Amino acid sequence: MSDKASPLRQPAPPADNAALQREVAGLIVAALNLDVAAAEIDVQAPLYGDGLGLDSIDILEIALVVSKQYGIQLRADSEENEQIFRSLAYLADYIAAHRTK
Amino acid sequence: MVAYRAGVPLRAGDFLADVMRVAAALPERRHVLNACADRYRFTVAFAASLVANKVSLLPSTHTPEVIRQLTQFAPDVFCLTDDARCQIDLPRVRFPELVPAEVPPWPPLEIEADRLAAYVFTSGSTGTPLPYQKTWGRLVNCVRFEAQRLGLLDDRSHALVGTVPPQHMYGFESTVLLALQSGNAFSAGRPFYPADVSSELASLPAPRMLVSTPVHLRTLLASGVELPALDLVLSATAPLSQNLAREVEEHYATRLLEIYGSTETGQIATRRTAETVEWQLFEGVRLFAQGESAFAEGGHVEQRTPMCDVLEITAADRFLLHGRLSDLVNIAGKRSSLSYLNHQLNAIPGVVDGAFFVREPDDGSFSGVTRVAAVVVAPELDAAGLSEQLRRRIDPVFMPRPLLFVDSLPRNDTGKLPHDSLRALAATAMKRT
């Protein structure tokens with residue numbers, strides 16, 4: 001399902017999340033011991049499946065990191081849940097909006 | 001009570017009516033791929049298939065390649081799904097809406113013990129999944145022994161929550177069949193995040209039971225999320241450390257029992273991990289040593305079956321588990337073999353030679369989860385293209401990390417790939433990236 005085909009394309013996330021994006025990328029690379037540098041992760045690429053190629057085990061680990069670092073407990077029933085792992089940019093956006101730490 | 005959905009009970013009478021309704025909606029084909037994600041719908045679909053004298057196919061993954069191989073195994077297979085977005089390339093039947101309606105009376109339902117209920121599949125070394133038959137009588141006996149061992153055959157109805165899918169042998173036995181055969185009830189959902197596991201448990205009346213895996217239990221503990229009172233925690237698919245078992249028991253003030261088994265044999269043993277590392281076999285099941293491992297026979301085991309782990313028999317009904325046999329790999333409870341993975345890799349057009357290997361903990365895989373990596377000779381392909389091809393064939397957890405492109409593999413005169421040479425090559429290739 002391509003972003004480009006959707007008439008309801010989301011606006012680009014605000015630029016001032018760039019620092020948060022880098023921080024989150026660093027946390028993911030460290031937590032999952034990925035062989036890619038944090039700076040190399042395309043902020044618009046999917047995290048799950050294609051793109052960064054993460055699977056459900058990784059998502060669980062990322063959820064743990066997000067809860068410890070930002071005080072957010074992820075839940076599957078939130079509407080935003082489908083979007084959260086759509087890309088690093090979306091994840092950073094979500095964190096910015098919901099962080100309690 | 002058979003099940004709960006979001007805390008709302010579903011009773012046996014409703015369940016049977018639902019089963020008959022779905023049975024009437026099934027096509028005349030004999031083999032069914034039950035792809036229902038909701039645990040209640042999966043169970044209704046399984047029971048409906050059984051009643052309609054169909055055989056359920058339960059592969060461990062639904063990649064396009066596996067689906068293709070299923071059609072070769074059973075050309076008449078159709079897919080029964082509760083997901084409108086299901087993409088499985090088989091004739092699809094949508095799970096019908098279960099609205100209260102007039103259901104004609106049905107004769108008493110008796111399923112004979114030797115009825116073929118299902119086929120499960122393991123990853124064979126030739127790249128084709130191997131089928132194992134599951135007959136109804138043996139499935140029932142197995143979970144009755146389990147219920148007895150877990151202390152569930154008392155007067156209380158336990159409500160259980162599973163983080164594992166109903167299609168996987170463990171989930172199938174320990175959430176679906178266990179509940180049906182022991183007067184206990186399962187919850188329809190499959191919670192993933194710790195907060196969801198907690199709220200699903202909280203939606204159910206006590207006594208409660210959690211059926212999960214080491215990866216999920218470790219994450220639950222680390223998350224700090226509180227759980228309601230738990231009577232029992234079950235863990236399976238990979239060995240649990242005694243430390244983690246004790247931590248779970250202490251933190252949640254509960255009992256933890258671990259289950260050992262395989263896709264081929266179903267579960268065959270349990271242990272109270274916090275107290276002992278020794279496993280106790282189910283009634284009637286025996287192990288016979290063979291090399292480093294053993295084969296299992298007797299009790300509910302369908303036929304003499306080689307086990308896939310290094311086992312040490314310590315008494316007639318006890319053994320120790322020392323690790324996996326070298327070709328096999330278990331990632332967060334999903335099992336495959338390096339032979340199978342290599343076969344899939346080398347079948348991709350453009351791959352000249354390729355080999356998977358297991359990344360041992362000192363290579364840096366994150367706490368508790370083994371991963372596999374691969375080296376590949378494929379001058380015409382790039383990482384993205386090859387990964388996409390691989391993803392169509394193998395379960396996502398076995399995707400190589402990293403995927404290393406090299407000029408050649410260090411095979412010896414007999415064409416074999418010595419372990420040390422492979423690792424040395426990988427180490428060099430990783431430094432380059």
# chains A, B, ... in the order shown; residues from 1 in each chain; ligands from 1
call {"tool": "select_by_dssp", "arguments": {"residues": "range 56-281 of chain B", "states": "strand (DSSP E)", "output": "ChimeraX atom specification"}}
result
/B:56-58,78-81,92-94,116-123,129-135,159-162,185-187,208-212,232-235,255-262,266-271,279-281
call {"tool": "interface_residues", "arguments": {"of": "chain B", "to": "chain A", "cutoff": "8 Å", "atoms": "only C-alpha atoms", "output": "list of chain:residue names"}}
result
B:Pro191, B:Phe192, B:Tyr193, B:Pro194, B:Ala195, B:Asp196, B:Val215, B:Thr219, B:Ala222, B:Ser223, B:Ala332, B:Gly364, B:Ser365, B:Phe366, B:Glu388, B:Pro396, B:Val397, B:Arg401, B:Pro402
call {"tool": "atom_distance", "arguments": {"atom1": "CA of Gln389 in chain B", "atom2": "CA of Asn346 in chain B"}}
result
11.0 Å
call {"tool": "residues_around", "arguments": {"residues": "Val19 in chain B", "least_positions_apart": "2", "cutoff": "7 Å", "atoms": "only C-alpha atoms", "output": "PyMOL selection string"}}
result
chain B and resi 15-17+21-23+44-45+47-48
call {"tool": "atom_distance", "arguments": {"atom1": "CA of Val143 in chain B", "atom2": "CA of Ala179 in chain B"}}
result
9.0 Å
call {"tool": "residues_around", "arguments": {"residues": "Phe357 in chain B", "least_positions_apart": "6", "cutoff": "12 Å", "atoms": "only C-alpha atoms", "output": "PyMOL selection string"}}
result
chain B and resi 326-329+337-342+363+370-376+398-404+417-426
call {"tool": "atom_distance", "arguments": {"atom1": "CA of Gly298 in chain B", "atom2": "CA of Thr263 in chain B"}}
result
16.0 Å
